[in-house]
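S.K.: Here you go, this is start04.cif (mmCIF, C-alpha atoms and all ligand atoms).
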```cif
data_data
loop_
_atom_site.label_atom_id
_atom_site.label_comp_id
_atom_site.auth_asym_id
_atom_site.auth_seq_id
_atom_site.Cartn_x
_atom_site.Cartn_y
_atom_site.Cartn_z
CA MET A 1 99.20 149.66 45.37
CA LYS A 2 98.46 147.83 48.63
CA ASN A 3 99.93 144.35 49.24
CA GLU A 4 96.42 142.80 49.06
CA ASP A 5 96.03 144.20 45.52
CA TRP A 6 99.08 142.33 44.20
CA LYS A 7 98.44 139.28 42.07
CA PRO A 8 98.75 135.97 44.01
CA ALA A 9 102.11 135.02 42.45
CA THR A 10 103.50 138.41 43.53
CA ARG A 11 102.15 138.03 47.08
CA ALA A 12 103.77 134.59 47.27
CA ALA A 13 107.14 135.63 45.82
CA GLN A 14 107.32 138.59 48.21
CA ALA A 15 105.91 136.66 51.21
CA LEU A 16 103.36 139.54 51.39
CA GLY A 17 106.22 142.06 51.25
CA ALA A 18 107.26 141.61 54.86
CA ILE A 19 110.56 143.29 55.80
CA ASP A 20 112.16 142.47 59.15
CA SER A 21 111.62 145.65 61.19
CA ALA A 22 114.72 145.13 63.38
CA THR A 23 117.24 144.47 60.59
CA GLY A 24 115.66 145.39 57.24
CA GLY A 25 116.08 141.72 56.19
CA VAL A 26 113.99 140.74 53.16
CA VAL A 27 113.47 137.27 54.62
CA PRO A 28 111.46 136.90 57.84
CA SER A 29 113.63 135.76 60.75
CA VAL A 30 113.36 132.35 62.40
CA HIS A 31 112.01 132.87 65.90
CA VAL A 32 113.17 130.05 68.11
CA ALA A 33 111.98 131.40 71.50
CA THR A 34 109.55 129.07 73.23
CA THR A 35 108.29 131.74 75.65
CA TYR A 36 107.64 135.49 75.68
CA VAL A 37 108.03 138.11 78.43
CA ARG A 38 105.10 140.15 79.72
CA ASN A 39 105.04 143.96 79.99
CA VAL A 40 104.99 146.00 83.25
CA ASP A 41 101.22 145.54 83.51
CA TYR A 42 101.86 141.79 83.25
CA GLU A 43 100.12 141.60 79.89
CA SER A 44 101.41 139.54 76.97
CA ILE A 45 102.95 141.46 74.05
CA ASP A 46 101.11 140.99 70.73
CA GLY A 47 99.05 138.22 72.36
CA ARG A 48 102.01 135.84 72.53
CA THR A 49 102.74 133.91 75.72
CA TYR A 50 104.13 130.50 74.73
CA SER A 51 105.21 128.98 71.43
CA ARG A 52 102.88 125.97 71.61
CA ALA A 53 100.03 128.40 70.98
CA ASP A 54 101.68 130.85 68.55
CA ASN A 55 105.04 131.70 67.02
CA PRO A 56 105.87 134.64 64.72
CA THR A 57 107.72 132.39 62.21
CA TYR A 58 104.68 130.33 61.40
CA GLN A 59 102.46 133.39 61.47
CA SER A 60 104.27 134.59 58.28
CA ALA A 61 103.35 131.36 56.43
CA GLU A 62 99.81 131.54 57.86
CA ALA A 63 99.26 135.12 56.69
CA LEU A 64 100.49 134.23 53.20
CA LEU A 65 98.31 131.12 52.80
CA ALA A 66 95.21 132.91 54.17
CA SER A 67 95.79 135.60 51.55
CA LEU A 68 96.33 133.13 48.67
CA GLU A 69 93.24 131.08 49.60
CA GLY A 70 91.09 134.18 50.26
CA GLY A 71 90.41 133.07 53.85
CA ALA A 72 90.01 134.92 57.13
CA ALA A 73 92.87 133.11 58.89
CA ALA A 74 95.21 130.12 58.62
CA MET A 75 97.02 127.81 61.04
CA CYS A 76 100.19 125.73 60.65
CA PHE A 77 100.44 122.25 62.15
CA GLY A 78 103.17 119.66 62.62
CA SER A 79 101.84 117.62 59.64
CA GLY A 80 98.90 117.37 57.27
CA MET A 81 97.48 114.59 59.44
CA ALA A 82 97.68 116.83 62.51
CA ALA A 83 95.83 119.59 60.64
CA ALA A 84 93.05 117.20 59.58
CA ALA A 85 92.88 115.65 63.05
CA ALA A 86 92.40 119.10 64.62
CA VAL A 87 89.27 119.59 62.47
CA ILE A 88 87.88 116.15 63.29
CA GLN A 89 88.67 116.44 67.00
CA SER A 90 86.82 119.77 67.10
CA LEU A 91 83.60 117.86 66.45
CA LYS A 92 81.48 116.64 69.35
CA PRO A 93 80.36 113.11 70.27
CA GLY A 94 77.13 112.36 68.40
CA ASP A 95 78.14 114.38 65.33
CA HIS A 96 77.99 112.78 61.90
CA VAL A 97 80.65 113.12 59.17
CA VAL A 98 80.44 112.39 55.46
CA ALA A 99 83.77 111.64 53.75
CA PRO A 100 84.85 110.36 50.32
CA ASP A 101 85.00 106.61 49.71
CA ALA A 102 88.31 107.25 47.89
CA MET A 103 90.62 109.61 49.74
CA TYR A 104 94.15 109.78 51.21
CA TYR A 105 94.20 106.35 52.88
CA GLY A 106 95.95 107.54 56.08
CA LEU A 107 93.19 110.00 56.80
CA ALA A 108 90.42 107.51 55.99
CA LYS A 109 92.03 105.07 58.47
CA ARG A 110 92.34 107.79 61.13
CA LEU A 111 88.72 108.85 60.62
CA ARG A 112 87.49 105.29 61.04
CA GLU A 113 89.55 104.63 64.16
CA PHE A 114 88.98 108.00 65.81
CA ALA A 115 85.28 107.98 65.09
CA VAL A 116 84.73 104.78 67.07
CA GLY A 117 86.37 106.11 70.24
CA TRP A 118 84.91 109.62 69.99
CA GLY A 119 81.28 108.67 69.33
CA ILE A 120 81.25 110.16 65.83
CA SER A 121 79.56 108.31 62.97
CA VAL A 122 81.18 108.49 59.54
CA ASP A 123 79.75 107.54 56.16
CA PHE A 124 82.14 107.11 53.24
CA VAL A 125 80.42 107.89 49.94
CA PRO A 126 81.51 108.88 46.43
CA THR A 127 81.41 112.65 47.06
CA GLU A 128 81.66 113.32 43.31
CA ASP A 129 78.19 111.79 42.97
CA TRP A 130 75.76 114.57 43.95
CA ASP A 131 72.86 112.22 44.62
CA ALA A 132 74.98 109.96 46.86
CA LEU A 133 76.28 112.97 48.77
CA ALA A 134 72.81 114.50 49.17
CA ALA A 135 71.44 111.15 50.40
CA ALA A 136 74.29 110.73 52.92
CA VAL A 137 73.94 114.03 54.82
CA ARG A 138 71.64 114.01 57.86
CA PRO A 139 70.16 117.49 58.39
CA GLY A 140 71.00 118.73 61.90
CA GLN A 141 73.31 115.79 62.71
CA THR A 142 75.91 115.99 59.93
CA LYS A 143 78.40 118.59 61.10
CA LEU A 144 81.19 118.01 58.60
CA VAL A 145 81.40 117.08 54.94
CA TRP A 146 84.99 116.29 53.95
CA VAL A 147 86.06 116.19 50.31
CA GLU A 148 89.43 115.77 48.61
CA THR A 149 89.78 117.00 45.04
CA PRO A 150 91.47 115.84 42.87
CA CYS A 151 91.44 112.75 45.02
CA ASN A 152 94.15 110.14 45.65
CA PRO A 153 95.02 107.98 43.73
CA VAL A 154 92.53 108.02 40.83
CA TRP A 155 92.14 111.84 40.80
CA THR A 156 88.36 111.88 41.07
CA VAL A 157 87.10 115.46 40.93
CA THR A 158 84.40 116.65 43.34
CA ASP A 159 82.37 119.75 42.47
CA ILE A 160 83.13 121.97 45.47
CA ALA A 161 80.26 124.42 44.89
CA THR A 162 77.70 121.59 44.80
CA ALA A 163 79.25 119.89 47.85
CA ALA A 164 79.08 123.23 49.72
CA GLU A 165 75.41 123.66 48.82
CA ILE A 166 74.57 120.15 50.04
CA ALA A 167 76.65 120.51 53.24
CA HIS A 168 75.21 123.91 54.12
CA GLY A 169 71.67 122.73 53.35
CA ALA A 170 72.12 120.11 56.09
CA GLY A 171 73.72 122.58 58.53
CA ALA A 172 77.23 121.11 58.06
CA ARG A 173 80.61 122.66 57.30
CA LEU A 174 82.48 121.75 54.13
CA ALA A 175 86.20 120.99 54.49
CA VAL A 176 88.30 120.50 51.36
CA ASP A 177 91.65 118.69 51.26
CA SER A 178 93.21 120.86 48.55
CA THR A 179 96.73 119.45 48.87
CA VAL A 180 96.93 118.45 45.20
CA ALA A 181 95.18 121.47 43.65
CA THR A 182 96.87 124.16 45.81
CA PRO A 183 95.55 127.76 45.66
CA VAL A 184 97.32 128.09 42.29
CA LEU A 185 94.70 125.87 40.62
CA THR A 186 91.61 125.95 42.89
CA ARG A 187 90.32 128.35 45.56
CA PRO A 188 87.76 126.31 47.53
CA ILE A 189 86.63 129.21 49.78
CA GLU A 190 85.45 131.19 46.74
CA LEU A 191 83.39 128.12 45.80
CA GLY A 192 81.73 127.92 49.23
CA ALA A 193 84.11 125.79 51.37
CA ASP A 194 84.42 126.62 55.07
CA ILE A 195 87.80 125.02 55.75
CA VAL A 196 90.68 124.27 53.39
CA MET A 197 93.27 121.71 54.44
CA HIS A 198 96.75 121.13 53.02
CA SER A 199 99.40 118.56 53.62
CA ALA A 200 101.95 121.39 53.39
CA THR A 201 104.59 118.65 53.18
CA LYS A 202 103.65 118.51 49.48
CA TYR A 203 103.36 121.47 47.09
CA LEU A 204 103.35 124.30 49.64
CA ASN A 205 106.81 123.30 50.90
CA GLY A 206 107.68 121.77 47.53
CA HIS A 207 111.18 120.51 48.32
CA SER A 208 110.53 117.29 50.28
CA ASP A 209 112.37 118.68 53.30
CA ALA A 210 109.67 119.53 55.88
CA ILE A 211 106.60 117.72 57.22
CA ALA A 212 103.86 120.30 57.77
CA GLY A 213 100.11 120.85 57.60
CA MET A 214 97.94 123.93 57.18
CA LEU A 215 94.29 124.87 57.58
CA VAL A 216 92.55 127.96 56.26
CA THR A 217 89.14 129.13 57.42
CA ALA A 218 86.57 131.18 55.55
CA LYS A 219 85.36 132.70 58.84
CA ASP A 220 87.10 133.34 62.15
CA ASP A 221 84.23 131.79 64.10
CA GLU A 222 83.60 129.64 67.17
CA PHE A 223 84.54 126.41 65.31
CA TRP A 224 87.88 127.94 64.26
CA GLU A 225 88.49 128.88 67.88
CA ARG A 226 87.96 125.21 68.85
CA VAL A 227 90.45 124.15 66.14
CA GLY A 228 92.95 126.62 67.63
CA GLN A 229 92.44 125.06 71.07
CA GLN A 230 93.13 121.64 69.55
CA ARG A 231 96.47 122.91 68.29
CA ALA A 232 97.43 124.79 71.44
CA TYR A 233 96.53 121.96 73.83
CA GLY A 234 96.96 118.97 71.51
CA GLY A 235 100.44 120.37 70.85
CA ALA A 236 100.77 119.38 67.17
CA VAL A 237 102.68 122.56 66.34
CA LEU A 238 105.23 123.17 63.62
CA GLY A 239 108.84 123.88 64.64
CA PRO A 240 110.19 127.32 63.66
CA PHE A 241 112.81 125.88 61.26
CA GLU A 242 110.16 123.85 59.41
CA ALA A 243 107.99 126.99 59.30
CA PHE A 244 110.89 128.84 57.72
CA LEU A 245 111.36 126.09 55.09
CA LEU A 246 107.62 126.13 54.43
CA LEU A 247 107.52 129.88 53.81
CA ARG A 248 110.62 129.68 51.63
CA GLY A 249 108.96 126.98 49.53
CA MET A 250 105.69 128.93 49.26
CA ARG A 251 107.51 131.83 47.61
CA THR A 252 108.01 129.72 44.44
CA LEU A 253 104.64 127.93 44.63
CA TYR A 254 103.24 129.45 41.43
CA LEU A 255 106.31 128.65 39.32
CA ARG A 256 106.50 125.08 40.61
CA VAL A 257 102.81 124.15 40.40
CA ASN A 258 102.46 125.59 36.90
CA ALA A 259 105.58 123.73 35.72
CA ALA A 260 104.41 120.45 37.30
CA SER A 261 100.94 120.85 35.71
CA ARG A 262 102.38 121.47 32.27
CA GLY A 263 104.68 118.45 32.64
CA ALA A 264 101.87 116.18 33.90
CA GLN A 265 99.61 117.18 31.01
CA ARG A 266 102.34 116.34 28.47
CA ILE A 267 103.14 113.03 30.14
CA ALA A 268 99.43 112.10 30.41
CA GLU A 269 98.89 112.82 26.70
CA HIS A 270 102.00 110.83 25.77
CA LEU A 271 101.12 107.80 27.89
CA ALA A 272 97.47 107.79 26.75
CA GLY A 273 98.64 106.23 23.48
CA HIS A 274 101.31 103.98 24.98
CA GLU A 275 101.22 100.25 24.26
CA ALA A 276 102.28 99.26 27.79
CA VAL A 277 99.61 101.43 29.45
CA THR A 278 95.95 100.42 29.55
CA ARG A 279 94.62 103.63 31.11
CA VAL A 280 95.83 107.07 32.18
CA LEU A 281 93.97 108.72 35.06
CA TYR A 282 94.42 112.50 34.85
CA PRO A 283 91.71 115.19 35.11
CA GLY A 284 93.36 117.06 32.23
CA LEU A 285 92.44 114.31 29.75
CA PRO A 286 88.99 114.66 28.09
CA ASP A 287 88.12 111.00 28.86
CA HIS A 288 88.58 111.47 32.63
CA PRO A 289 85.15 111.36 34.35
CA GLY A 290 85.93 114.58 36.24
CA HIS A 291 87.29 116.53 33.27
CA ASP A 292 84.33 118.87 32.77
CA ILE A 293 84.11 119.81 36.45
CA ALA A 294 87.89 120.18 36.62
CA LYS A 295 87.77 122.55 33.63
CA ARG A 296 85.30 124.75 35.53
CA GLN A 297 86.86 124.46 38.97
CA MET A 298 90.60 124.41 38.24
CA THR A 299 92.25 127.41 36.66
CA GLY A 300 95.44 127.27 34.60
CA GLY A 301 96.03 123.50 34.69
CA PHE A 302 95.02 120.16 36.15
CA GLY A 303 97.85 119.58 38.61
CA GLY A 304 101.04 117.57 38.75
CA MET A 305 99.53 114.21 39.81
CA LEU A 306 98.44 111.35 37.57
CA SER A 307 98.17 107.58 37.73
CA ILE A 308 98.64 104.95 35.07
CA LEU A 309 97.33 101.40 34.81
CA ILE A 310 99.97 99.25 33.18
CA ARG A 311 99.71 96.10 31.09
CA GLY A 312 100.93 93.80 33.86
CA ASP A 313 100.56 92.75 37.49
CA ALA A 314 101.77 94.19 40.82
CA ALA A 315 105.30 92.76 40.50
CA MET A 316 105.62 94.17 36.99
CA ALA A 317 104.35 97.56 38.15
CA ARG A 318 106.92 97.62 40.97
CA GLY A 319 109.55 96.63 38.38
CA VAL A 320 108.63 99.65 36.25
CA ALA A 321 108.90 101.93 39.31
CA THR A 322 112.35 100.67 40.25
CA SER A 323 113.59 100.79 36.63
CA CYS A 324 113.02 104.53 36.35
CA ARG A 325 116.07 106.70 36.88
CA LEU A 326 114.58 110.19 37.11
CA PHE A 327 111.26 109.22 38.73
CA LYS A 328 112.27 108.04 42.21
CA PRO A 329 110.40 105.01 43.65
CA ALA A 330 109.22 106.79 46.81
CA THR A 331 105.97 107.76 48.47
CA SER A 332 104.72 111.39 48.80
CA LEU A 333 104.15 114.04 46.15
CA GLY A 334 104.47 117.71 45.29
CA GLY A 335 108.26 118.09 45.38
CA VAL A 336 110.50 119.48 42.64
CA GLU A 337 111.75 115.94 41.92
CA SER A 338 109.44 113.41 40.23
CA LEU A 339 108.29 110.34 42.17
CA ILE A 340 106.68 107.06 41.12
CA GLU A 341 104.85 104.81 43.52
CA HIS A 342 103.12 101.43 43.56
CA ARG A 343 100.29 102.67 45.72
CA ALA A 344 98.73 99.29 46.60
CA THR A 345 102.02 98.14 48.19
CA VAL A 346 102.34 101.33 50.21
CA GLU A 347 98.69 101.33 51.34
CA GLY A 348 99.03 97.69 52.40
CA GLU A 349 96.30 95.44 53.73
CA GLY A 350 92.76 96.51 52.86
CA THR A 351 93.83 98.72 49.95
CA ARG A 352 91.30 99.21 47.19
CA THR A 353 93.89 100.60 44.80
CA PRO A 354 94.29 98.38 41.71
CA ASP A 355 97.45 96.25 41.56
CA ASP A 356 98.37 97.58 38.14
CA LEU A 357 98.28 101.25 39.21
CA LEU A 358 101.37 103.42 39.43
CA ARG A 359 101.05 106.93 40.85
CA LEU A 360 103.25 109.65 39.38
CA SER A 361 104.12 112.92 41.06
CA VAL A 362 105.53 115.07 38.28
CA GLY A 363 108.24 117.48 39.38
CA ILE A 364 109.71 120.44 37.57
CA GLU A 365 112.29 118.60 35.43
CA ASP A 366 112.19 118.94 31.63
CA PRO A 367 109.16 116.87 30.49
CA ASP A 368 111.19 115.46 27.56
CA ASP A 369 113.57 113.79 30.03
CA LEU A 370 110.68 112.50 32.16
CA ILE A 371 108.94 110.98 29.11
CA ALA A 372 112.18 109.30 27.99
CA ASP A 373 112.64 107.92 31.52
CA LEU A 374 109.11 106.44 31.59
CA ASP A 375 109.38 105.06 28.06
CA ALA A 376 112.62 103.26 28.95
CA ALA A 377 111.10 101.77 32.14
CA LEU A 378 107.86 100.74 30.38
CA ALA A 379 109.81 99.09 27.57
CA ARG A 380 110.50 96.16 29.93
CA LEU A 381 106.76 95.32 29.72
CA GLN A 382 106.89 95.06 25.94
CA ASN A 383 109.80 92.58 25.70
N1 LIG B 401 96.16 114.66 52.39
C1 LIG B 401 96.73 114.21 51.25
C2 LIG B 401 96.01 114.39 49.95
C3 LIG B 401 97.98 113.57 51.29
O1 LIG B 401 98.54 113.11 50.14
C4 LIG B 401 98.64 113.41 52.55
C5 LIG B 401 99.95 112.73 52.65
O2 LIG B 401 100.37 112.00 51.78
C6 LIG B 401 98.01 113.89 53.69
C7 LIG B 401 96.77 114.52 53.59
C8 LIG B 401 98.68 113.76 55.05
O3 LIG B 401 99.69 114.74 55.15
P1 LIG B 401 101.06 114.56 55.99
O4 LIG B 401 101.84 113.44 55.39
O5 LIG B 401 101.72 115.91 55.85
O6 LIG B 401 100.67 114.28 57.42
#
```
Turn the structure described in the file into structure tokens.
M.R.:
Amino acid sequence: MKNEDWKPATRAAQALGAIDSATGGVVPSVHVATTYVRNVDYESIDGRTYSRADNPTYQSAEALLASLEGGAAAMCFGSGMAAAAAVIQSLKPGDHVVAPDAMYYGLAKRLREFAVGWGISVDFVPTEDWDALAAAVRPGQTKLVWVETPCNPVWTVTDIATAAEIAHGAGARLAVDSTVATPVLTRPIELGADIVMHSATKYLNGHSDAIAGMLVTAKDDEFWERVGQQRAYGGAVLGPFEAFLLLRGMRTLYLRVNAASRGAQRIAEHLAGHEAVTRVLYPGLPDHPGHDIAKRQMTGGFGGMLSILIRGDAAMARGVATSCRLFKPATSLGGVESLIEHRATVEGEGTRTPDDLLRLSVGIEDPDDLIADLDAALARLQN
């Protein structure tokens, strides 16, 4: 059986089966060298000249993610934002971008600010609405359609296959921020996406101990080459130690994401009937507007992220967050430990997130303990 024939969870656990050729080590070594010697003909060895362009430690994580996503190649970056920026900066002045009207707020802000200086026009539309998306693309001028699914912080689900059809019909590429779904639950390239982006800080690393970003491409084409130039000359590379932590985290990706999904589903079902909660936003609940698409597009679960609207205002929501003992009141998501966040406070001025919304990142703890923790914190709203 060849490594490519192994099931994804096996490929991840074995990091594609790589054995260190110098030592027989079952864990790839951390390569800290910043530069590489040339041979007697003054040629670089294995194409490596300088670590800002390439480093063997992050190549192990890249090979694994490309395999799990079914892509032609992958690239690590110093953060998820750096990965997304490399895609956007590979566009040319005059190009048009369509992006979701609800998406990770940091990236929306970056898109708006960068677009002005770079001569790119951006339209933000509800990408889950096929008619709105089809009306927003400008054939010949739209070069990138960006979607995020499920999408922060209300977990809207965009149909990737339809978005790909609309993007390609206009001559644009489709990029999918698949940070929350991960390749465990959704494989955007199989559905027609051209680029998959991850804030690898989240589920891929999974332990809240490395900031990282990754891109995967369906084709190793001229656009991908431009993205590579952005990394090499923009310099937003990942350090070798972070690359090591990332690969170590990816080896347990399947266990962690499946556990988080099971926990989130249980918590969502429990809170759906809770007196202190007016609404639960989770694609795994039948009343979620994206449930039917999620059922088709996501395999094996609906992810570890959900939001709740509580019976109370912003101060009361923050009070619930700080009253939890297991759920930590911190930003970010996708780690083994559960987090709770008052998103409107963190997003700050201009946020469109409702004041009564709390975002939950469900970790891999026992769901019974997590439910008891939330019930105790929500009880303060009922007194
Ligand atoms: N995309 C999503 C969905 C995110 O949640 C985040 C970070 O929270 C990012 C992108 C940005 O990633 P990073 O923080 O690794 O730069």
S.K.: Tell me which of A:Glu275, A:Asp356, A:Asp220, A:Glu347 sits closest to Ala315 of chain A, counting all atoms listed in the file.
M.R.: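 Closest candidate: A:Asp356.
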S.K.: Rounded to one decimal in Å, what is the spacing between atom CA of Leu370 of chain A and atom CA of Lys202 of chain A?
M.R.: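 Separation of atom CA of Leu370 of chain A and atom CA of Lys202 of chain A: 19.6 Å.
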S.K.: Neighbouring residues of ligand LIG 401 (chain B) are defined here as those with any atom at most 7 Å from a ligand atom, counting all atoms listed in the file; list them as a list in words.
M.R.: Ser79, Gly80, Met81, Ala82, Tyr104, Gly106, Leu107, Glu148, Cys151, Asn152, Asp177, Thr179, Val180, His198, Ser199, Ala200, Thr201, Ile211, Ala212, Gly213, Ser332 and Leu333 of chain A
S.K.: Can you report as lines of an AutoDock Vina configuration file the centre and edge lengths in Å, to one decimal, of an axis-aligned box around the listed atoms of segment 280-296 of chain A padded with 3 Å on each side?
M.R.:
```
center_x = 90.0
center_y = 115.9
center_z = 32.4
size_x = 17.7
size_y = 23.7
size_z = 14.5
```
S.K.: Against segment 239-242 of chain A, which residues of segment 53-127 of chain A fall within 12 Å? For each one I want the closest pair of atoms and the distance in Å (one decimal), counting all atoms listed in the file, rows by chain and increasing residue number, as a Markdown table.
M.R.:
```
| residue | atom | partner | partner_atom | distance |
| --- | --- | --- | --- | --- |
| A:Ala53 | CA | A:Gly239 | CA | 11.8 |
| A:Asp54 | CA | A:Pro240 | CA | 10.4 |
| A:Asn55 | CA | A:Pro240 | CA | 7.5 |
| A:Pro56 | CA | A:Pro240 | CA | 8.6 |
| A:Thr57 | CA | A:Pro240 | CA | 5.8 |
| A:Tyr58 | CA | A:Pro240 | CA | 6.7 |
| A:Gln59 | CA | A:Pro240 | CA | 10.1 |
| A:Ser60 | CA | A:Pro240 | CA | 10.8 |
| A:Ala61 | CA | A:Glu242 | CA | 10.6 |
| A:Cys76 | CA | A:Gly239 | CA | 9.7 |
| A:Phe77 | CA | A:Gly239 | CA | 8.9 |
| A:Gly78 | CA | A:Gly239 | CA | 7.4 |
| A:Ser79 | CA | A:Glu242 | CA | 10.4 |
```
S.K.: Could you write out that same residue set with C-alpha atoms as a tab-separated table (two decimals), in the coordinates of the input?
M.R.:
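Saved as again_14.tsv:
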```
chain	number	residue	atom	x	y	z
A	53	ALA	CA	100.03	128.40	70.98
A	54	ASP	CA	101.68	130.85	68.55
A	55	ASN	CA	105.04	131.70	67.02
A	56	PRO	CA	105.87	134.64	64.72
A	57	THR	CA	107.72	132.39	62.21
A	58	TYR	CA	104.68	130.33	61.40
A	59	GLN	CA	102.46	133.39	61.47
A	60	SER	CA	104.27	134.59	58.28
A	61	ALA	CA	103.35	131.36	56.43
A	76	CYS	CA	100.19	125.73	60.65
A	77	PHE	CA	100.44	122.25	62.15
A	78	GLY	CA	103.17	119.66	62.62
A	79	SER	CA	101.84	117.62	59.64
```
S.K.: Between A:Tyr282, A:Phe124, A:Phe302, A:Tyr42, which residue has the minimum interatomic distance to His270 of chain A, considering only C-alpha atoms?
M.R.: A:Tyr282
S.K.: Which polymer residues have any atom within 12 Å of an atom of Val125 of chain A, counting all atoms listed in the file, with same-chain residues fewer than 4 positions away left out, as a PyMOL selection string?
M.R.: chain A and resi 97-103+108+129-137+145-147+158
S.K.: Could you jot down the atom CA of Thr34 of chain A to atom CA of Tyr50 of chain A separation for me, Å, one decimal place?
M.R.: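 Distance reported for this atom pair: 5.8 Å.
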